[in-house]
Number of protein chains: 2
Amino acid sequence: MYNKGTATRTHIINTANNLFYHQGFNQTSFTDIAQSAGIPKGNFYHYFKTKEEILEDVIQQRIKNIENQLNNIEELNLQPADRIRFFISALKNNKNGFAQYGCPVGSIITELGKTQLALKTKSKMILELIQNWLSSQFQQSGKHKTTANTLSRHIMVRIQGAIVIAHAYEDKSCFTEEINQLLEWIDKEASNAE
Amino acid sequence: MYNKGTATRTHIINTANNLFYHQGFNQTSFTDIAQSAGIPKGNFYHYFKTKEEILEDVIQQRIKNIENQLNNIEELNLQPADRIRFFISALKNNKNGFAQYGCPVGSIITELGKTQLALKTKSKMILELIQNWLSSQFQQSGKHKTTANTLSRHIMVRIQGAIVIAHAYEDKSCFTEEINQLLEWIDKEASNAE
DNA sequence: GTCTATACCTTGATAGAC
DNA sequence: GTCTATCAAGGTATAGAC
């Protein structure tokens with residue numbers, strides 16, 4: 001059953017998602033979102049009372065997308081260590097966006113982390129989702145829990161760092177090279193018995 | 001000879017520097033800076049015509065500070081590889097600020113990199129200054145230029161990544177641990193002959 | 001559910017008296 | 001060099017007709 005209201009709402013969330021990524025949260029106004037979505041401002045408030053509400057829905061949508069992506073990887077019949085490699089290699093598909101706009105998650109956390117802690121905490125859940133999944137793969141490959149947590153955090157650090165530097169230098173090849181180094185590091189760590 | 005005008009100007013730059021770090025550039029208004037500095041807004045415009053101008057001076061001041069810091073390290077009579085270790089270890093003194101506000105340089109580049117490219121390019125000079133110094137140390141320790149550039153960039157990646165994650169998780173120990181891992185990595189790389 | 005009009009506030013920026 | 005008063009633009013948010 002087609003539900004116009006839900007479709008409009010989803011349309012707003014998708015529009016806001018892109019604008020938050022490309023312009024930042026605070027630099028994106030209601031007017032920006034309404035205009036990009038092709039919806040008059042008045043109607044807009046029928047769906048969302050505040051910009052915070054939109055961000056919360058944007059985060060929920062991103063979480064769903066990443067969960068789907070991770071579930072798809074799980075269905076590929078790979079070994080846990082290869083799932084990790086697959087996930088990280090797939091990031092290279094986003095290299096253009098990373099070099100131009102930074103990480104959709106990392107950049108918004110950096111922005112909100114200064115003065116909007118409640119919203120930042122919610123955004124942080126996306127990072128935790130990914131790190132927990134990585135840690136789970138390491139544990140399935142035989143690592144102890146504490147080791148798996150350290151390794152997965154280290155991967156997060158290097159991914160975020162590679163994106164920050166690629167964005168700063170507007171150089172996507174720098175992201176690719178750092179990710180390839182990271183993949184080599186994983187090969188070494190994965191073969192370490194424990 | 002005491003020059004009131006210059007002192008006021010410096011006072012404004014220092015105030016703005018802190019506010020840009022703690023609140024972000026776009027989230028810091030003229031009123032914020034004027035109030036924090038204890039200067040009426042009207043007088044304020046006597047010193048700076050636009051917020052962009054203030055940022056440019058803030059960046060220049062940060063560059064001078066870092067140049068001083070690097071020069072001090074050079075005077076310590078250390079081997080090049082030890083200068084690198086010294087610089088990176090010293091970052092641990094800032095761990096509280098990193099966990100609470102992120103990297104003063106990285107976070108502003110991430111913010112400005114989305115829609116204010118001219119200002120971002122100027123901020124980026126701070127990163128380049130540090131990376132060039134690191135690369136120079138590697139070259140002095142016998143590495144080839146291209147190798148030195150890759151190694152220094154990798155250090156920048158891991159520092160920025162460690163700060164982003166420490167900031168996201170509001171966990172300074174996470175920064176310290178990643179920096180310690182980085183120092184171990186440097187020990188290994190420095191001993192590699194070339 | 002859709003849209004227009006508008007109220008109210010904060011922002012960057014200026015004019016001009018002292 | 002210092003300060004008050006003020007402006008125009010743009011922001012969030014609402015009221016209410018359709």
# chains A, B, ... in the order shown; residues from 1 in each chain; ligands from 1
>>> residues_around(residues="region 2-9 of chain D", least_positions_apart="6", cutoff="10 Å", atoms="only C-alpha atoms (C1' of nucleotides)", output="count of residues only")
15
>>> closest_atom_pairs(of="chain A", to="chain D", cutoff="12 Å", atoms="only C-alpha atoms (C1' of nucleotides)", output="tab-separated table")
residue	atom	partner	partner_atom	distance
A:Asn26	CA	D:DG11	C1'	11.0
A:Gln27	CA	D:DG11	C1'	10.8
A:Thr28	CA	D:DG11	C1'	10.5
A:Ser29	CA	D:DG11	C1'	7.4
A:Phe30	CA	D:DT12	C1'	7.8
A:Thr31	CA	D:DG11	C1'	8.7
A:Asp32	CA	D:DG11	C1'	11.0
A:Lys41	CA	D:DA13	C1'	10.0
A:Gly42	CA	D:DT14	C1'	8.8
A:Asn43	CA	D:DT14	C1'	11.6
A:Phe44	CA	D:DA13	C1'	11.1
A:Tyr45	CA	D:DA13	C1'	8.5
A:His46	CA	D:DT14	C1'	11.2
A:Phe48	CA	D:DA13	C1'	11.3
A:Lys49	CA	D:DA13	C1'	8.5
A:Thr50	CA	D:DT12	C1'	8.5
A:Lys51	CA	D:DT12	C1'	9.3
>>> write_last_selection(atoms="N, CA and C atoms", output="tab-separated table (two decimals), in the first residue's frame")
chain	number	residue	atom	x	y	z
A	26	ASN	N	25.43	21.84	11.02
A	26	ASN	CA	25.09	23.22	11.40
A	26	ASN	C	25.06	24.16	10.20
A	27	GLN	N	25.78	23.82	9.15
A	27	GLN	CA	25.80	24.66	7.96
A	27	GLN	C	24.65	24.33	7.01
A	28	THR	N	23.83	23.36	7.38
A	28	THR	CA	22.66	23.04	6.58
A	28	THR	C	21.42	23.60	7.26
A	29	SER	N	20.72	24.50	6.60
A	29	SER	CA	19.54	25.12	7.20
A	29	SER	C	18.28	24.37	6.79
A	30	PHE	N	17.21	24.64	7.52
A	30	PHE	CA	15.90	24.13	7.14
A	30	PHE	C	15.59	24.48	5.69
A	31	THR	N	15.86	25.73	5.37
A	31	THR	CA	15.58	26.20	4.01
A	31	THR	C	16.34	25.35	2.98
A	32	ASP	N	17.60	25.05	3.27
A	32	ASP	CA	18.39	24.21	2.36
A	32	ASP	C	17.68	22.88	2.11
A	41	LYS	N	8.59	25.15	3.16
A	41	LYS	CA	9.01	25.08	4.55
A	41	LYS	C	7.86	24.75	5.51
A	42	GLY	N	6.69	25.34	5.22
A	42	GLY	CA	5.56	25.11	6.11
A	42	GLY	C	5.19	23.64	6.18
A	43	ASN	N	5.11	23.02	5.03
A	43	ASN	CA	4.79	21.60	4.96
A	43	ASN	C	5.85	20.77	5.67
A	44	PHE	N	7.05	21.24	5.50
A	44	PHE	CA	8.21	20.58	6.09
A	44	PHE	C	8.01	20.31	7.58
A	45	TYR	N	7.50	21.34	8.28
A	45	TYR	CA	7.34	21.23	9.73
A	45	TYR	C	6.25	20.24	10.12
A	46	HIS	N	5.47	19.84	9.14
A	46	HIS	CA	4.48	18.79	9.42
A	46	HIS	C	5.20	17.47	9.71
A	48	PHE	N	8.83	17.17	10.46
A	48	PHE	CA	9.89	17.28	11.47
A	48	PHE	C	9.79	18.62	12.20
A	49	LYS	N	9.77	18.54	13.52
A	49	LYS	CA	9.66	19.77	14.30
A	49	LYS	C	11.00	20.49	14.43
A	50	THR	N	12.08	19.74	14.52
A	50	THR	CA	13.40	20.35	14.70
A	50	THR	C	14.43	19.66	13.80
A	51	LYS	N	15.53	20.32	13.60
A	51	LYS	CA	16.61	19.76	12.79
A	51	LYS	C	17.20	18.54	13.51
>>> atom_distance(atom1="CA of Ala148 (chain A)", atom2="CA of Ile186 (chain B)")
22.9 Å
>>> residues_around(residues="region 115-130 of chain A", least_positions_apart="4", cutoff="10 Å", atoms="only C-alpha atoms (C1' of nucleotides)", output="ChimeraX atom specification")
/A:52-53,55-56,58-60,62-64,66-67,70,87,105-106,108-111,134-136,152-153,156 /B:22-24,27,100-101,165,168-170
>>> closest_residue(among="A:Lys145, A:Lys92, A:Arg158, A:Arg83", to="chain B", atoms="only C-alpha atoms")
A:Arg158
>>> atom_distance(atom1="CA of Leu182 (chain A)", atom2="CA of Ile155 (chain A)")
7.6 Å
>>> atom_distance(atom1="CA of Asn96 (chain A)", atom2="CA of Tyr21 (chain B)")
27.5 Å
>>> interface_residues(of="chain C", to="chain A", cutoff="10 Å", atoms="only C-alpha atoms (C1' of nucleotides)", output="PyMOL selection string")
chain C and resi 1-5
>>> write_last_selection(atoms="C-alpha atoms (C1' of nucleotides)", output="PDB file, in the first residue's frame")
ATOM      1  C1'  DG C   1      -1.542  16.661   3.942  1.00  0.00           C
ATOM      2  C1'  DT C   2      -0.171  20.994   1.412  1.00  0.00           C
ATOM      3  C1'  DC C   3       1.147  25.640   1.168  1.00  0.00           C
ATOM      4  C1'  DT C   4       1.563  31.020   2.097  1.00  0.00           C
ATOM      5  C1'  DA C   5       2.615  34.381   5.013  1.00  0.00           C
TER       6       DA C   5
END
>>> closest_residue(among="B:Asn77, B:Gln35, B:Asn18, B:Asn65", to="chain A", atoms="only C-alpha atoms")
B:Asn18
